[in-house]
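S.K.: My questions all concern the structure below.
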Amino acid sequence: MTEPGLISTVSDAPSEPAQARLAGGSLRAWQRRALTKYLTARPADFLAVATPGAGKTTFALRVAAELLADKTVERITVVAPTEHLKHQWAQAAARVGIALDSNFSNSTGSTSSDFNGVVLTYAQVAAHPYRHRERTVARRTLVILDEIHHGGDAKSWGDGIREAFSDAERRLALTGTPFRSDDSPIPFVTYDPEPGGGARSRADHSYGYSDALRDGVVRPVVFLAYSGQASWRTSAGEEFTARLGEPLSAEQTARAWRTALDPHGDWIPAVLTAAHRRLQKLRASGVPDAGGLVIATDQERARDYAELLESITGRKPTLVLSDEAGSSARIASFAASDDEWMVAVRMVSEGVDVPRLAVGVYATNAATPLYFAQAIGRFVRSRRPGETASVFLPSVPVLLQLASELEAQRDHVLGKPHREESGLDDAALADANRTKDEDGEDEPAFQSLHASAELDQVIYDGASFGTATMPGSEEESDYLGLPGLLDAEQVRTLLQQRQAAQVTRRSAPAARPAHEQAAQDAPNAAERSTGENLHALRKELNTLVALHHHRTGRPHGQVHNELRQRLGGPPTAMATAEQLRERISALRTWK
C-alpha cells in the first residue's frame, strides 16, 4: 500500500505535473489510469469501483496527497463502515505521510492541528451531522467515503452524510460492491435513466474481479460446495428430510441450510475438517503462513465453531465476536501472526485487510449478493504470483449461483420494474426460520436433528467440476490436495484432470448390464435399513445426475425436475425407494 516517494507530495510546494509524478510512482496500472482521469477532470464527485483486494485505499490516499499538495484541499475526512476500518485507514495513511485521527470523538468535536484530518464511521456522522458539516465547511475538505453503498443502509445514514458533506470541496466515493438489493439511493452517486424506467448507477472508473484476475492483482477462487442430507423436526412434531442442493421450497432450503450449519450435527465438523486439510496442504506446498477464516451467523455459533476447530486442529483459533474494543487488536494480531484459524461474526466480511487469508468457510445463512461479494473479498488479495483461495460453502442454489457469477459486474439499479430475485435473501431466510403460530413469537420453528456432509461439486471460473463424494474419500482428497501455488490456467487444467479421473472411475461400474448390477446390489440392499437404502439410492441418483450434467452442461436441478415431470412423484428427498430406482433406471438411458 505504501508508495515510495509519496510522502514528498504532501507539502507546501507547488504540485508538479501529474504525469511526471505518475512516471516514478509504484501505482498499479488501474490506479494510474484512475488517477489520471481524476486529475484531468478534477470533479466535485468521483466514484471509483474496484474489486476487493485491488487497492482502493492506495488510490484514494494518492488522490488525497495530490489535493493536499496543490492546496485544492486543506483537510481530509474519511468515512468508513466500522471502527476497525477507521484504525486501518489511519495506519495506511500514516505510511504515506498523511496523519489522520481515527480516535476523533463527536463529544470533543475537534482534533490536534498536527493531523491532516480525521476518520469517522457512518454511524458517527449520522449521530451529529451538523457538527461534521461545520468542520467540513470551515476548511476546504476532501471527503473519502469508503464502501459508499453503506450510505443507503439506513435513512439516517444517507441523510446524515448528505447533510454533513454536501458542501465539501471534493468527494471521493469508493466501493468494491456498487450495488444494493433495494431502491435506497446511494448518496453522491450519479444514476443514469434506463429505457423502460428506472435508473442505473454510473461509476467514473471501474476495475472488476475479472480484470484484476487477468492482471494478477487478485487470486483465483475455488469454491468447494458441500451437500448432504438434513433432517429437522417442526414445532408440530413433524420430521422432514431434504438434501442440500436439490430443488426445494424457500422454507425447506432455509431449514436444511440452517440444519447443516448446526454445530451439533455432522455437516459442519466434516466441512471444517476438510477446510483444515486444505489449509495444511497450502502451508506445506508454498504458502507457509496461509490462514483460514470461518464466517459465522451469530456469536453462539461462532463460539461453537471455535471449539470444534480447536478439537480438530489442537490449536485455539482467534475468536472475533463483534465490532467492539479489543476486536481490532485481535484481528491485527492474527494478521501479523502465522496462526491457522480465525472465527468471526460478519465483521470480518468487508474491508478488513488480512492478506494471508487463503481458506474460508462460509458458515452463515447470509445470502444477498452484496454480503457474499464482501465476504469472498476477504480471500482474494494477491501477495505473489500463484496463490489461490479456497472457499467452502453449503451447496444451496443461491450460493452456487453467486459463486458461479463471481466475475459478474453489477451496478445499483433504482426503480427497476419487476426486480429480479437473486435467490433467498437474508429476510427470507429469517422469515423461514421463525414460527408464525403466534403474533410476535420469535423462536425457531423447528429443531435440527441431523445433517451429513458430502462434497457435491467444485466451482471455478463459472464452471462446475466433480461429482458427489463422501468426506475422507480419495476423491475428496484429490480436490483438497491441489498444489498451493498455481496460476489461473493451471487451476482450471488440474480441476479438469481431477474430474476426468473421477468420472472414469464412476462410469465403469455403471456400464455393466443392469441385471448383473442388481444381482451384486441385492444382498447389500437386503441388509440395509430403510434409511440407509434410501440414502444409497439418493446418492446413486445424484451421481448419475452429476455425470449427465458434465456430459450435457444441463444444471442439476433441471435434470431432477425433468425426471419428476416424466415419471411423477415428489422431490428426491421425499421419494420412495421404488421411485428413486425408477429415476435411476430412466437416467441411465439418457444421452
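Here's how to read the names in the C-alpha cells: chain A, B, ... by the order shown, residue numbers from 1 in each chain, ligand numbers from 1 in the order shown.
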Step one, run DSSP on the backbone; step two, keep only residues of stretch 307-384 of chain A assigned to strand (DSSP E or B); then write them as a PyMOL selection string.
M.R.: chain A and resi 318-320+341-345+357-363+381
S.K.: Skipping near chain neighbours, those fewer than 4 positions away, what residues fall within 12 Å of A:Ser110 using only C-alpha atoms, listed as a list of chain:residue names?
M.R.: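 My list of contacting residues is A:Asp101, A:Asn103, A:Phe104, A:Ser105, A:Asn106, A:Asp114, A:Phe115, A:Gly117, A:Val118, A:Arg131, A:His132, A:Glu134, A:Arg135, A:Thr136, A:Ala138.
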S.K.: Filtering to N, CA, C and O atoms, could you give me those residues as a JSON list (two decimals), in the first residue's frame?
M.R.:
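result_25.json, written as the output of this step:
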```json
[["chain", "number", "residue", "atom", "x", "y", "z"],
["A", 101, "ASP", "N", -6.68, 11.25, 12.36],
["A", 101, "ASP", "CA", -7.08, 10.92, 13.72],
["A", 101, "ASP", "C", -8.25, 9.96, 13.68],
["A", 101, "ASP", "O", -9.38, 10.35, 13.36],
["A", 103, "ASN", "N", -9.30, 8.38, 16.32],
["A", 103, "ASN", "CA", -9.93, 8.40, 17.65],
["A", 103, "ASN", "C", -10.77, 9.66, 17.85],
["A", 103, "ASN", "O", -11.13, 10.00, 18.98],
["A", 104, "PHE", "N", -11.06, 10.35, 16.77],
["A", 104, "PHE", "CA", -11.87, 11.57, 16.85],
["A", 104, "PHE", "C", -13.21, 11.27, 17.51],
["A", 104, "PHE", "O", -13.88, 10.29, 17.18],
["A", 105, "SER", "N", -13.59, 12.13, 18.44],
["A", 105, "SER", "CA", -14.82, 11.93, 19.20],
["A", 105, "SER", "C", -15.84, 13.01, 18.88],
["A", 105, "SER", "O", -15.50, 14.20, 18.80],
["A", 106, "ASN", "N", -17.09, 12.60, 18.69],
["A", 106, "ASN", "CA", -18.16, 13.57, 18.46],
["A", 106, "ASN", "C", -18.31, 14.52, 19.64],
["A", 106, "ASN", "O", -18.60, 15.71, 19.48],
["A", 114, "ASP", "N", -1.93, 18.90, 14.43],
["A", 114, "ASP", "CA", -0.89, 18.04, 13.84],
["A", 114, "ASP", "C", -1.47, 17.06, 12.83],
["A", 114, "ASP", "O", -0.73, 16.50, 12.02],
["A", 115, "PHE", "N", -2.77, 16.83, 12.91],
["A", 115, "PHE", "CA", -3.42, 15.89, 12.00],
["A", 115, "PHE", "C", -3.84, 16.59, 10.71],
["A", 115, "PHE", "O", -4.23, 17.77, 10.71],
["A", 117, "GLY", "N", -6.38, 15.37, 9.13],
["A", 117, "GLY", "CA", -7.81, 15.13, 9.09],
["A", 117, "GLY", "C", -8.22, 14.05, 10.05],
["A", 117, "GLY", "O", -7.46, 13.68, 10.96],
["A", 118, "VAL", "N", -9.42, 13.51, 9.84],
["A", 118, "VAL", "CA", -9.99, 12.53, 10.77],
["A", 118, "VAL", "C", -10.57, 11.35, 10.00],
["A", 118, "VAL", "O", -10.81, 11.43, 8.79],
["A", 131, "ARG", "N", -22.50, 18.91, 13.24],
["A", 131, "ARG", "CA", -21.16, 19.14, 13.75],
["A", 131, "ARG", "C", -20.13, 18.84, 12.65],
["A", 131, "ARG", "O", -19.16, 19.59, 12.48],
["A", 132, "HIS", "N", -20.36, 17.77, 11.90],
["A", 132, "HIS", "CA", -19.40, 17.43, 10.84],
["A", 132, "HIS", "C", -19.56, 18.36, 9.64],
["A", 132, "HIS", "O", -18.58, 18.58, 8.91],
["A", 134, "GLU", "N", -20.11, 21.57, 9.98],
["A", 134, "GLU", "CA", -19.34, 22.75, 10.39],
["A", 134, "GLU", "C", -17.86, 22.53, 10.15],
["A", 134, "GLU", "O", -17.14, 23.42, 9.67],
["A", 135, "ARG", "N", -17.35, 21.36, 10.49],
["A", 135, "ARG", "CA", -15.94, 21.05, 10.28],
["A", 135, "ARG", "C", -15.61, 21.05, 8.78],
["A", 135, "ARG", "O", -14.54, 21.50, 8.36],
["A", 136, "THR", "N", -16.54, 20.53, 7.98],
["A", 136, "THR", "CA", -16.30, 20.38, 6.55],
["A", 136, "THR", "C", -16.24, 21.74, 5.85],
["A", 136, "THR", "O", -15.39, 21.95, 4.96],
["A", 138, "ALA", "N", -15.63, 24.66, 7.29],
["A", 138, "ALA", "CA", -14.66, 25.57, 7.91],
["A", 138, "ALA", "C", -13.33, 25.55, 7.17],
["A", 138, "ALA", "O", -12.63, 26.58, 7.09]]
```
S.K.: What is the distance between atom CA of A:Ala373 and atom CA of A:Glu307, in Å to one decimal?
M.R.: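 Pair atom CA of A:Ala373 / atom CA of A:Glu307 returns 27.3 Å.
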S.K.: Output as a Markdown table one row per residue of stretch 330-400 of chain A within 7 Å of stretch 35-54 of chain A: the closest atom pair and its distance in Å to one decimal place, counting only C-alpha atoms, sorted by chain and residue number ascending.
M.R.:
```
| residue | atom | partner | partner_atom | distance |
| --- | --- | --- | --- | --- |
| A:Gly377 | CA | A:Pro52 | CA | 4.9 |
| A:Val380 | CA | A:Gly53 | CA | 6.2 |
| A:Arg381 | CA | A:Gly53 | CA | 4.4 |
```
S.K.: Interatomic distance between atom CA of A:Ala199 and atom CA of A:Glu405?
M.R.: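 According to the coordinates, atom CA of A:Ala199 and atom CA of A:Glu405 are separated by 22.6 Å.
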